[in-house]
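*Asks:* One file is attached below, target_38.cif, containing mmCIF, C-alpha atoms and all ligand atoms.
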```
data_run
#
loop_
_atom_site.label_atom_id
_atom_site.label_comp_id
_atom_site.auth_asym_id
_atom_site.auth_seq_id
_atom_site.Cartn_x
_atom_site.Cartn_y
_atom_site.Cartn_z
CA THR A 14 130.41 84.81 128.60
CA THR A 15 131.36 87.41 131.19
CA ALA A 16 133.23 86.50 134.37
CA ASP A 17 130.13 86.80 136.53
CA ALA A 18 127.71 84.99 134.17
CA LYS A 19 125.75 82.19 135.83
CA THR A 20 126.55 78.96 134.00
CA VAL A 21 124.76 75.62 134.53
CA VAL A 22 125.66 72.38 132.78
CA VAL A 23 122.96 69.68 132.73
CA THR A 24 123.74 66.06 131.80
CA ALA A 25 121.49 62.98 131.54
CA ALA A 26 121.41 59.50 130.01
CA HIS A 27 118.96 60.48 127.26
CA MET A 28 117.24 63.45 125.67
CA ILE A 29 114.21 63.82 123.42
CA ASP A 30 115.30 66.00 120.51
CA VAL A 31 111.87 67.35 119.53
CA LEU A 32 113.20 69.11 116.42
CA ALA A 33 114.71 65.89 115.03
CA GLY A 34 111.85 63.79 116.44
CA LYS A 35 114.08 61.24 118.17
CA ARG A 36 115.80 60.19 121.38
CA VAL A 37 119.55 60.82 121.71
CA ASP A 38 122.01 59.53 124.33
CA ASN A 39 124.29 61.27 126.82
CA PRO A 40 123.23 64.88 126.25
CA GLN A 41 125.04 67.81 127.83
CA VAL A 42 123.24 71.15 127.87
CA THR A 43 124.99 74.39 128.83
CA ILE A 44 122.91 77.33 130.03
CA VAL A 45 124.37 80.81 130.56
CA ASP A 46 122.30 83.51 132.22
CA GLY A 47 119.08 81.66 131.54
CA ARG A 48 119.56 80.77 127.89
CA ILE A 49 120.99 77.64 126.29
CA THR A 50 124.41 78.22 124.76
CA ALA A 51 125.45 74.68 123.81
CA VAL A 52 123.83 71.28 123.28
CA GLY A 53 126.44 68.54 122.99
CA ARG A 54 127.48 65.22 124.46
CA LYS A 55 128.74 64.26 127.92
CA GLY A 56 132.49 64.79 127.90
CA ASP A 57 132.36 68.05 125.96
CA ALA A 58 134.21 70.93 127.60
CA VAL A 59 132.53 72.42 130.68
CA PRO A 60 133.09 76.16 131.34
CA ALA A 61 135.16 76.81 134.47
CA GLY A 62 133.03 77.51 137.55
CA ALA A 63 129.87 76.04 136.03
CA GLU A 64 127.24 74.56 138.34
CA ARG A 65 126.62 70.87 137.45
CA VAL A 66 123.29 69.03 137.41
CA ASP A 67 123.55 65.34 136.54
CA LEU A 68 120.21 63.63 136.03
CA GLY A 69 121.61 60.08 135.97
CA GLU A 70 119.50 57.62 134.00
CA ARG A 71 116.72 60.10 133.32
CA THR A 72 115.50 61.50 129.98
CA LEU A 73 115.68 65.23 129.32
CA LEU A 74 112.98 67.11 127.40
CA PRO A 75 112.21 70.76 126.71
CA GLY A 76 109.91 72.45 129.21
CA LEU A 77 106.31 71.76 128.21
CA ILE A 78 103.90 74.33 126.77
CA ASP A 79 100.14 74.29 127.34
CA MET A 80 98.40 76.43 124.72
CA HIS A 81 95.07 76.68 126.56
CA VAL A 82 94.82 77.28 130.29
CA HIS A 83 92.88 79.44 132.72
CA LEU A 84 95.22 79.70 135.70
CA THR A 85 92.75 81.87 137.59
CA SER A 86 89.97 79.24 137.48
CA ASP A 87 89.19 76.37 139.85
CA PRO A 88 86.81 73.63 138.65
CA THR A 89 85.66 72.85 142.20
CA LEU A 90 84.16 76.36 142.26
CA SER A 91 81.90 76.03 139.22
CA GLY A 92 78.56 77.60 138.33
CA TYR A 93 77.00 79.83 140.98
CA ARG A 94 79.64 78.85 143.56
CA GLN A 95 81.91 81.52 142.05
CA LEU A 96 79.66 84.23 143.45
CA GLU A 97 80.89 83.61 147.02
CA PHE A 98 84.24 85.25 146.28
CA THR A 99 85.53 88.76 145.85
CA ASP A 100 86.96 89.75 142.48
CA ASN A 101 90.64 89.58 143.39
CA PHE A 102 90.24 86.13 144.96
CA TRP A 103 90.81 84.70 141.48
CA THR A 104 94.28 86.19 141.23
CA VAL A 105 95.15 84.34 144.44
CA VAL A 106 93.82 81.13 142.88
CA GLY A 107 96.09 81.92 139.93
CA VAL A 108 99.14 82.22 142.18
CA ALA A 109 98.56 78.71 143.56
CA ASN A 110 97.84 77.27 140.10
CA ALA A 111 100.90 78.90 138.53
CA ARG A 112 103.13 77.01 140.96
CA ARG A 113 101.32 73.70 140.39
CA THR A 114 101.57 74.13 136.63
CA LEU A 115 105.29 74.89 136.72
CA ASP A 116 105.99 71.99 139.12
CA ALA A 117 104.18 69.74 136.62
CA GLY A 118 106.78 70.65 133.97
CA PHE A 119 104.83 73.32 132.07
CA THR A 120 107.28 76.19 131.79
CA THR A 121 105.13 78.20 129.34
CA VAL A 122 101.36 78.61 129.11
CA ARG A 123 98.96 80.60 126.99
CA ASN A 124 96.26 81.90 129.33
CA VAL A 125 93.27 82.32 127.04
CA GLY A 126 90.76 84.14 129.16
CA SER A 127 90.54 85.67 132.61
CA ALA A 128 88.65 88.60 134.12
CA ASN A 129 90.06 91.81 135.57
CA TYR A 130 93.45 91.44 133.80
CA ASP A 131 94.27 88.82 136.48
CA ASP A 132 96.58 86.99 134.09
CA VAL A 133 98.63 90.14 133.49
CA ALA A 134 98.97 90.64 137.26
CA LEU A 135 100.09 87.04 137.63
CA LYS A 136 102.60 87.35 134.80
CA GLN A 137 104.04 90.51 136.31
CA GLY A 138 104.32 88.88 139.74
CA ILE A 139 106.10 85.84 138.29
CA GLU A 140 108.48 87.92 136.17
CA ARG A 141 109.40 90.11 139.14
CA GLY A 142 110.09 87.00 141.23
CA TYR A 143 107.34 87.43 143.81
CA VAL A 144 105.85 84.00 143.09
CA PRO A 145 106.92 80.97 141.03
CA GLY A 146 105.13 80.15 137.79
CA PRO A 147 105.43 79.50 134.09
CA ARG A 148 106.03 82.06 131.37
CA ILE A 149 102.56 83.39 130.55
CA VAL A 150 101.16 84.59 127.23
CA PRO A 151 98.03 86.40 128.44
CA ALA A 152 94.83 87.02 126.49
CA THR A 153 93.18 88.96 129.34
CA TYR A 154 89.43 88.95 128.64
CA ALA A 155 88.09 86.48 126.07
CA LEU A 156 86.06 88.58 123.61
CA GLY A 157 82.53 87.63 122.58
CA ALA A 158 79.01 88.63 121.64
CA THR A 159 76.14 89.57 123.93
CA GLY A 160 74.54 86.38 125.23
CA GLY A 161 77.41 84.26 123.96
CA HIS A 162 79.82 81.83 125.61
CA CYS A 163 82.04 84.61 126.95
CA ASP A 164 79.18 86.71 128.32
CA ALA A 165 77.78 86.12 131.83
CA THR A 166 74.44 84.61 130.85
CA GLU A 167 73.50 83.06 134.17
CA PHE A 168 71.99 86.19 135.77
CA PRO A 169 68.59 87.91 135.56
CA PRO A 170 68.46 91.31 133.80
CA SER A 171 68.44 93.20 137.11
CA ILE A 172 71.92 91.90 137.96
CA GLN A 173 74.48 93.64 135.77
CA VAL A 174 78.03 92.32 135.54
CA PRO A 175 80.70 94.59 133.99
CA HIS A 176 81.43 93.26 130.51
CA PRO A 177 84.34 95.02 128.77
CA GLN A 178 84.79 91.88 126.64
CA ILE A 179 81.43 92.13 124.89
CA ALA A 180 81.14 93.58 121.38
CA ASN A 181 78.54 93.33 118.64
CA THR A 182 79.86 94.88 115.44
CA PRO A 183 83.15 94.64 113.54
CA ASP A 184 84.14 98.10 114.76
CA GLU A 185 83.29 97.31 118.37
CA PHE A 186 85.47 94.22 118.15
CA ARG A 187 88.33 96.29 116.72
CA GLY A 188 88.02 98.58 119.71
CA ALA A 189 87.95 95.65 122.11
CA VAL A 190 91.15 94.22 120.58
CA ARG A 191 92.87 97.59 121.02
CA THR A 192 91.68 97.89 124.60
CA ILE A 193 92.88 94.48 125.78
CA ARG A 194 96.21 95.00 124.05
CA LYS A 195 96.58 98.33 125.83
CA TYR A 196 96.29 96.53 129.18
CA GLY A 197 98.61 93.61 128.45
CA ALA A 198 96.99 91.07 126.11
CA GLU A 199 99.57 89.29 123.91
CA VAL A 200 97.05 87.05 122.13
CA VAL A 201 93.37 87.59 121.31
CA LYS A 202 90.86 84.96 122.43
CA VAL A 203 87.42 85.04 120.81
CA CYS A 204 84.31 83.01 121.60
CA MET A 205 83.03 82.18 118.12
CA THR A 206 80.39 79.58 119.07
CA GLY A 207 78.48 78.44 122.10
CA GLY A 208 80.22 76.40 124.75
CA VAL A 209 79.75 73.73 127.35
CA LEU A 210 80.24 75.56 130.64
CA SER A 211 78.14 78.60 129.73
CA LYS A 212 74.58 78.16 131.01
CA THR A 213 72.21 79.24 128.27
CA ASP A 214 73.75 78.95 124.82
CA SER A 215 73.73 76.03 122.44
CA VAL A 216 77.14 74.38 122.28
CA GLY A 217 77.78 74.36 118.55
CA ALA A 218 75.92 77.48 117.43
CA GLN A 219 77.85 80.31 115.78
CA GLN A 220 77.77 83.59 117.76
CA ILE A 221 80.10 85.88 115.79
CA SER A 222 79.70 86.73 112.11
CA LEU A 223 82.29 86.29 109.38
CA ALA A 224 82.53 90.09 109.11
CA GLU A 225 83.22 90.37 112.85
CA ILE A 226 85.90 87.68 112.98
CA LYS A 227 87.57 89.18 109.89
CA ALA A 228 87.76 92.55 111.66
CA ILE A 229 89.24 90.90 114.77
CA VAL A 230 91.88 89.03 112.78
CA GLU A 231 92.82 92.11 110.78
CA GLU A 232 93.15 94.25 113.88
CA ALA A 233 94.99 91.63 115.94
CA HIS A 234 97.46 90.79 113.17
CA MET A 235 98.08 94.48 112.53
CA LEU A 236 99.04 94.80 116.19
CA GLY A 237 101.24 91.70 116.09
CA MET A 238 98.90 89.40 118.01
CA LYS A 239 97.61 85.96 117.08
CA VAL A 240 93.95 84.99 117.33
CA ALA A 241 92.76 81.95 119.30
CA VAL A 242 89.15 81.01 118.63
CA HIS A 243 86.86 79.05 120.93
CA ALA A 244 84.67 77.07 118.53
CA HIS A 245 82.82 73.76 118.86
CA GLY A 246 80.47 73.91 115.84
CA ALA A 247 81.53 73.48 112.21
CA GLU A 248 79.95 76.69 110.85
CA GLY A 249 81.78 78.83 113.37
CA ILE A 250 85.03 76.92 112.96
CA ASN A 251 84.87 77.28 109.19
CA ASP A 252 84.10 81.01 109.19
CA ALA A 253 86.96 81.54 111.66
CA LEU A 254 89.30 79.63 109.37
CA ARG A 255 88.10 81.65 106.37
CA ALA A 256 88.94 84.80 108.31
CA GLY A 257 92.52 83.60 108.85
CA VAL A 258 92.57 82.86 112.61
CA ASP A 259 95.66 81.19 114.07
CA THR A 260 94.28 78.48 116.36
CA ILE A 261 90.93 76.75 116.80
CA GLU A 262 90.26 75.79 120.42
CA HIS A 263 88.08 72.70 121.14
CA ALA A 264 87.19 72.10 117.43
CA SER A 265 84.74 69.44 118.63
CA LEU A 266 82.43 69.24 115.62
CA ALA A 267 84.90 70.20 112.89
CA ASP A 268 84.13 68.56 109.54
CA ALA A 269 86.00 67.66 106.35
CA GLU A 270 85.65 71.26 105.13
CA SER A 271 87.27 72.47 108.37
CA PHE A 272 90.24 70.15 107.86
CA LYS A 273 90.68 71.43 104.30
CA LEU A 274 90.43 75.09 105.35
CA ALA A 275 92.90 74.56 108.22
CA LYS A 276 95.42 72.89 105.94
CA VAL A 277 95.16 75.70 103.40
CA SER A 278 95.42 78.53 105.94
CA GLY A 279 97.98 76.81 108.19
CA ALA A 280 95.79 77.20 111.28
CA TRP A 281 96.29 74.83 114.20
CA PHE A 282 93.74 72.75 116.10
CA ASP A 283 94.13 72.89 119.88
CA MET A 284 91.79 70.26 121.29
CA ASP A 285 91.18 69.68 125.01
CA ILE A 286 90.34 66.00 124.77
CA TYR A 287 91.00 65.05 128.40
CA ASP A 288 88.27 67.29 129.85
CA ASP A 289 85.27 65.10 129.06
CA ASP A 290 86.45 62.53 131.63
CA TYR A 291 86.84 65.12 134.37
CA ILE A 292 83.59 67.02 133.72
CA LEU A 293 81.44 63.90 133.59
CA ALA A 294 83.06 62.43 136.73
CA GLU A 295 83.29 65.55 138.91
CA GLY A 296 81.07 68.23 137.33
CA ALA A 297 77.86 67.62 139.25
CA LYS A 298 79.57 67.76 142.64
CA ASN A 299 81.61 70.80 141.57
CA GLY A 300 78.49 72.86 140.88
CA VAL A 301 78.60 72.73 137.05
CA PHE A 302 75.20 73.75 135.62
CA ALA A 303 72.91 70.83 134.67
CA GLU A 304 72.64 72.42 131.21
CA SER A 305 76.41 72.22 130.87
CA LEU A 306 76.57 68.56 131.85
CA GLU A 307 73.98 67.86 129.16
CA LYS A 308 76.05 69.78 126.59
CA GLU A 309 79.19 67.87 127.61
CA ARG A 310 77.37 64.61 126.89
CA GLN A 311 76.60 65.99 123.41
CA VAL A 312 80.17 66.89 122.42
CA GLY A 313 82.68 64.95 124.58
CA LEU A 314 82.99 61.75 122.57
CA LYS A 315 82.49 63.53 119.24
CA GLN A 316 85.41 65.80 120.04
CA ARG A 317 87.72 62.82 120.53
CA GLN A 318 86.54 61.27 117.26
CA THR A 319 87.17 64.61 115.54
CA PHE A 320 90.65 64.73 117.07
CA ARG A 321 91.48 61.37 115.53
CA ALA A 322 90.02 62.38 112.14
CA ALA A 323 91.73 65.79 112.09
CA HIS A 324 95.10 64.28 112.91
CA ALA A 325 94.66 61.56 110.28
CA ALA A 326 93.71 64.26 107.74
CA GLY A 327 96.99 66.05 108.43
CA VAL A 328 95.71 69.06 110.37
CA LYS A 329 98.47 70.59 112.53
CA MET A 330 97.75 69.94 116.20
CA LEU A 331 98.75 71.61 119.46
CA PHE A 332 98.66 70.59 123.11
CA GLY A 333 96.02 72.66 124.89
CA THR A 334 94.06 71.38 127.86
CA ASP A 335 91.70 74.11 129.12
CA GLY A 336 93.32 73.90 132.57
CA GLY A 337 90.83 75.24 135.08
CA VAL A 338 88.10 73.04 133.60
CA TYR A 339 90.02 70.26 135.43
CA PRO A 340 92.48 71.09 138.28
CA ASN A 341 95.46 73.07 136.96
CA GLY A 342 98.66 71.07 137.42
CA ASN A 343 97.16 67.88 135.99
CA ASN A 344 97.80 69.16 132.46
CA ALA A 345 99.93 66.17 131.44
CA LEU A 346 97.01 63.76 131.79
CA GLN A 347 96.06 64.80 128.26
CA PHE A 348 99.17 63.21 126.69
CA ALA A 349 97.80 59.70 127.15
CA LYS A 350 94.47 60.77 125.61
CA MET A 351 96.24 62.15 122.56
CA VAL A 352 98.07 58.86 122.10
CA GLU A 353 94.89 56.85 122.72
CA TRP A 354 93.14 58.89 120.00
CA GLY A 355 95.74 58.52 117.27
CA MET A 356 99.02 60.33 117.94
CA THR A 357 102.40 58.77 118.47
CA PRO A 358 104.13 59.83 121.70
CA ILE A 359 106.63 62.01 119.81
CA GLU A 360 103.76 63.78 118.02
CA ALA A 361 102.04 64.50 121.32
CA ILE A 362 105.32 65.78 122.78
CA GLN A 363 105.97 67.98 119.74
CA ALA A 364 102.43 69.39 120.07
CA ALA A 365 103.45 70.57 123.55
CA THR A 366 106.93 71.83 122.61
CA SER A 367 108.26 72.62 119.13
CA SER A 368 104.83 73.04 117.48
CA ALA A 369 103.50 75.14 120.36
CA ALA A 370 106.49 77.47 120.02
CA ILE A 371 105.76 77.94 116.32
CA ALA A 372 102.08 78.63 117.02
CA LEU A 373 103.06 81.18 119.67
CA GLY A 374 105.57 82.83 117.35
CA ARG A 375 108.22 82.23 120.05
CA THR A 376 110.66 79.79 118.45
CA ALA A 377 113.52 82.04 119.54
CA ASP A 378 112.60 81.44 123.19
CA VAL A 379 110.81 78.20 124.00
CA GLY A 380 109.84 74.76 122.73
CA ALA A 381 113.16 73.01 122.12
CA ILE A 382 116.54 72.34 123.70
CA GLN A 383 118.51 74.46 121.28
CA PRO A 384 121.13 77.22 121.63
CA GLY A 385 119.46 80.61 122.01
CA ARG A 386 116.25 79.38 123.63
CA PHE A 387 115.59 79.64 127.35
CA GLY A 388 117.00 76.99 129.65
CA ASP A 389 113.55 75.51 130.22
CA LEU A 390 114.04 71.77 130.78
CA ILE A 391 112.34 68.81 132.39
CA ALA A 392 113.42 65.22 132.98
CA VAL A 393 111.43 62.02 133.43
CA GLU A 394 112.43 58.65 134.87
CA GLY A 395 111.56 56.32 131.98
CA ASP A 396 111.33 56.59 128.19
CA PRO A 397 108.44 58.92 127.30
CA LEU A 398 108.44 57.60 123.72
CA ALA A 399 107.59 54.14 125.07
CA ASP A 400 105.21 55.43 127.76
CA VAL A 401 103.94 58.97 127.39
CA ARG A 402 102.55 58.85 130.95
CA GLN A 403 106.11 59.40 132.16
CA LEU A 404 105.29 63.07 131.53
CA GLU A 405 102.68 63.00 134.30
CA HIS A 406 105.35 63.18 137.01
CA PRO A 407 108.55 64.94 135.95
CA ALA A 408 111.48 64.28 138.29
CA PHE A 409 113.17 67.54 137.39
CA VAL A 410 111.99 70.97 136.23
CA MET A 411 114.20 73.93 135.31
CA LYS A 412 113.01 77.34 134.12
CA GLY A 413 115.47 79.82 132.66
CA GLY A 414 118.42 77.87 134.07
CA ALA A 415 117.02 77.87 137.62
CA VAL A 416 116.06 74.56 139.24
CA VAL A 417 112.36 74.49 140.16
CA VAL A 418 111.98 70.78 140.98
CA ALA A 419 115.22 69.06 142.05
CA PRO A 420 115.79 65.37 141.29
CA LYS A 421 115.48 63.14 144.38
N1 LIG B 1 85.63 75.78 128.05
C1 LIG B 1 85.01 74.76 127.24
C2 LIG B 1 83.54 75.07 127.06
O1 LIG B 1 82.91 75.46 128.01
C3 LIG B 1 85.20 73.42 127.87
C4 LIG B 1 84.80 72.25 127.05
C5 LIG B 1 85.17 71.00 127.76
N2 LIG B 1 84.66 69.81 127.15
C6 LIG B 1 85.28 69.16 126.22
N3 LIG B 1 84.71 68.07 125.78
N4 LIG B 1 86.42 69.52 125.77
O2 LIG B 1 83.02 74.91 125.99
#
```
Would you mind writing the file's structure down as structure tokens?
Ligand code: ARG
*Replies:*
Amino acid sequence: TTADAKTVVVTAAHMIDVLAGKRVDNPQVTIVDGRITAVGRKGDAVPAGAERVDLGERTLLPGLIDMHVHLTSDPTLSGYRQLEFTDNFWTVVGVANARRTLDAGFTTVRNVGSANYDDVALKQGIERGYVPGPRIVPATYALGATGGHCDATEFPPSIQVPHPQIANTPDEFRGAVRTIRKYGAEVVKVCMTGGVLSKTDSVGAQQISLAEIKAIVEEAHMLGMKVAVHAHGAEGINDALRAGVDTIEHASLADAESFKLAKVSGAWFDMDIYDDDYILAEGAKNGVFAESLEKERQVGLKQRQTFRAAHAAGVKMLFGTDGGVYPNGNNALQFAKMVEWGMTPIEAIQAATSSAAIALGRTADVGAIQPGRFGDLIAVEGDPLADVRQLEHPAFVMKGGAVVVAPK
């Protein structure tokens, strides 16, 4: 500790120790120059000149991590409504959503798909202090096959949309991985099967071959990046798992074979089980394609049943919401769904903290209140282990030792 180091000492009545999986009393957390240096008890020595933040009766938790967001998307501008806006409009949307997401207690997000390297721009703006926002792990463009979920399939042939994310052979995918990494991708997102919000594909159908996904995984891992796979259907999920991918997004129609493969390979499931409620309630008035609403009716409930079965089977689970499909900032609404569909509150919290950090490969930085990691903290009024909905309105948010939301 140098003389001019910025030191903050945070105290509260309780803390959720996500690594031990339990609540502890009277925590005292010391943060020096943005990183945690000590986690002890109230009454421990406080460095001279430290700034004090006492959270009273509240419960401290690590800053939350959402493993699947699209900060540069707005669900109220769905379907053809997006065509009213210029390309860089979406970065502006991202600026607003980054603030909402951070204020909601999410201090780290994995942004798994955006056009024009918007997520890299946003990350750079946040890191340079121009705008507030979470730490971002950007994927840039989500890669996919011609006509697939990550292609723009809603236009006639005479309207051509630039598509740097599209590839159709193992070698083309290798090139695409290299290109997005060159421009800032830190994780590779791949659309392995059809999806809901795409207009013309079938939601469960595989779109990328085993040979292609193997090439992507090999290339990404060689370059030090993890692979996040959009997949609803079992065939696509299972080939992705056979290829050694790191996370399966959605996983709606995963079967017993998928659970077995995931447990063997150590892959995580990252299931956005809140979204069905939002899409069915708001989709039609938001401009979502009729075809997409029909596909949502096919997979929404099944996905929740698969979530329960996967968790019961012992598949490792993450907290990922697909923010942008519902309004960014409401991320924490998914906690109650995860508990409703089979998790305990501590499991849901670990999915959004300690487990997420492991899946990101960032346990040195985020995901727990532990010396060495960033001073990313939130606090809630009540006991989140008794009522996980406490996480829907954090009373306090700190990122890197700086107060973002001050307790009232
Ligand atoms: N981005 C996803 C897709 O279009 C959203 C799926 C939302 N629905 C759900 N039940 N999780 O496929």
*Asks:* Within 6 Å of ligand LIG 1 (chain B), which residues of chain A show up? Give each one with its shortest atom-to-atom distance in Å (one decimal) and the two atoms involved, counting all atoms listed in the file, rows by chain then rising residue number, as a Markdown table.
*Replies:*
```
| residue | atom | partner | partner_atom | distance |
| --- | --- | --- | --- | --- |
| A:Gly208 | CA | B:LIG1 | O2 | 3.4 |
| A:Val209 | CA | B:LIG1 | O1 | 3.7 |
| A:Leu210 | CA | B:LIG1 | O1 | 3.7 |
| A:Ser211 | CA | B:LIG1 | O1 | 6.0 |
| A:His263 | CA | B:LIG1 | N4 | 5.9 |
| A:Asp285 | CA | B:LIG1 | N4 | 4.8 |
| A:Ile286 | CA | B:LIG1 | N4 | 5.4 |
| A:Asp288 | CA | B:LIG1 | N4 | 5.0 |
| A:Asp289 | CA | B:LIG1 | N3 | 4.5 |
| A:Glu309 | CA | B:LIG1 | N3 | 5.8 |
| A:Val312 | CA | B:LIG1 | N3 | 5.8 |
| A:Gly313 | CA | B:LIG1 | N3 | 3.9 |
```
*Asks:* Determine, counting all atoms listed in the file, every residue of protein, DNA or RNA that lies within 8 Å of (88.3, 76.0, 114.5) in the file coordinates, then give the result as a list in words.
*Replies:* Val242, His243, Ala244, His245, Ala247, Gly249, Ile250, Asn251, Ala253, Leu254, Thr260, Ile261, Glu262, His263, Ala264, Ala267, Ser271, Ala275 and Phe282 of chain A
*Asks:* Looking at all atoms listed in the file, which of A:Val133, A:Leu156, A:Leu404, A:Met28 is the one that sits closest to Ala189 of chain A?
*Replies:*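 Of A:Val133, A:Leu156, A:Leu404, A:Met28, the one nearest Ala189 of chain A, counting all atoms listed in the file, is A:Leu156.
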*Asks:* Go ahead and find all residues with at least one atom no further than 12 Å from (76.5, 85.2, 119.0) in the file's coordinates, using all atoms listed in the file; report them as a VMD selection string.
*Replies:* chain A and resid 156 to 164 179 to 182 203 to 208 213 to 223 225 to 226 244 249
*Asks:* Ranking A:Thr319, A:Thr357, A:Gln363, A:Thr334 by minimum distance to Val82 of chain A and counting all atoms listed in the file, which one comes first?
*Replies:*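 Nearest candidate to Val82 of chain A out of A:Thr319, A:Thr357, A:Gln363, A:Thr334: A:Thr334.
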*Asks:* So, with all atoms listed in the file as the atoms that count, which of A:Val338, A:Ile78, A:Ile29, A:Val416 lies closest to Pro397 of chain A?
*Replies:*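 The answer is A:Ile29, which sits nearest to Pro397 of chain A.
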*Asks:* Any idea what the distance is between atom CA of Gln137 of chain A and atom CA of Ile149 of chain A?
*Replies:*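 Result for atom CA of Gln137 of chain A versus atom CA of Ile149 of chain A: 9.3 Å, one decimal.
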*Asks:* Nearest to Asp290 of chain A among A:His234, A:Lys350, A:His324, A:Lys329, with distances taken over all atoms listed in the file: which residue is it?
*Replies:* A:Lys350
*Asks:* Taking 5 positions as the minimum chain separation for residues in the same chain, which residues sit within 12 Å of Ala33 of chain A when counting only C-alpha atoms? Answer as a VMD selection string.
*Replies:* chain A and resid 28 359 to 360 363 367 381 to 383
*Asks:* Output C-alpha atoms for every residue in that selection, as a PDB file, in the coordinates of the input.
*Replies:*
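And here's selection.pdb as it stands now:
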```pdb
ATOM      1  CA  MET A  28     117.240  63.450 125.670  1.00  0.00           C
ATOM      2  CA  ILE A 359     106.630  62.010 119.810  1.00  0.00           C
ATOM      3  CA  GLU A 360     103.760  63.780 118.020  1.00  0.00           C
ATOM      4  CA  GLN A 363     105.970  67.980 119.740  1.00  0.00           C
ATOM      5  CA  SER A 367     108.260  72.620 119.130  1.00  0.00           C
ATOM      6  CA  ALA A 381     113.160  73.010 122.120  1.00  0.00           C
ATOM      7  CA  ILE A 382     116.540  72.340 123.700  1.00  0.00           C
ATOM      8  CA  GLN A 383     118.510  74.460 121.280  1.00  0.00           C
TER       9      GLN A 383
END
```
*Asks:* Write out as an MDAnalysis selection string which residues come within 12 Å of Asp38 of chain A when counting only C-alpha atoms, dropping same-chain ones fewer than 6 positions away.
*Replies:* chainID A and resid 24:30 52:55 69:73 396
*Asks:* Excluding Leu84 of chain A and its own-chain neighbours fewer than 6 positions away, which residues fall within 10 Å of it when counting all atoms listed in the file? Please give them as a ChimeraX atom specification.
*Replies:* /A:103-114,122-127,131-132,135,149,335-338,340-342
*Asks:* Which residues are near Arg187 of chain A? Cut-off 7 Å, only C-alpha atoms, ignore same chain within fewer than 5 positions. Put them as a PyMOL selection string.
*Replies:* chain A and resi 228-229+232
*Asks:* Output C-alpha atoms for every residue in that selection, as a tab-separated table (two decimals), keeping the file's coordinate frame.
*Replies:*
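Resulting contents of result-v7.tsv:
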```
chain	number	residue	atom	x	y	z
A	228	ALA	CA	87.76	92.55	111.66
A	229	ILE	CA	89.24	90.90	114.77
A	232	GLU	CA	93.15	94.25	113.88
```
*Asks:* Extract, using all atoms listed in the file, all DNA, RNA and protein residues at most 10 Å from Gly62 of chain A, discarding same-chain residues fewer than 3 positions from it, and format them as a list of chain:residue names.
*Replies:*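 That gives A:Ala16, A:Asp17, A:Ala18, A:Lys19, A:Thr20, A:Val21, A:Val59, A:Arg65.
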*Asks:* For Gly327 of chain A, which of A:Val301, A:Met356, A:Gly92, A:Phe186 is the closest residue, counting all atoms listed in the file?
*Replies:* A:Met356
*Asks:* Rank nothing, just name the residue among A:Leu77, A:Leu96, A:Ala256, A:Ala198 nearest to Ala134 of chain A, using all atoms listed in the file.
*Replies:*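 Ranking A:Leu77, A:Leu96, A:Ala256, A:Ala198 by distance to Ala134 of chain A, first place goes to A:Ala198.
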*Asks:* Could you tell me how far atom CA of His83 of chain A lies from atom CA of Gln347 of chain A, in Å and to one decimal?
*Replies:* 15.6 Å
*Asks:* Quick one: pull the distance between atom CA of Phe302 of chain A and atom CA of Tyr93 of chain A, Å, one decimal.
*Replies:* 8.3 Å
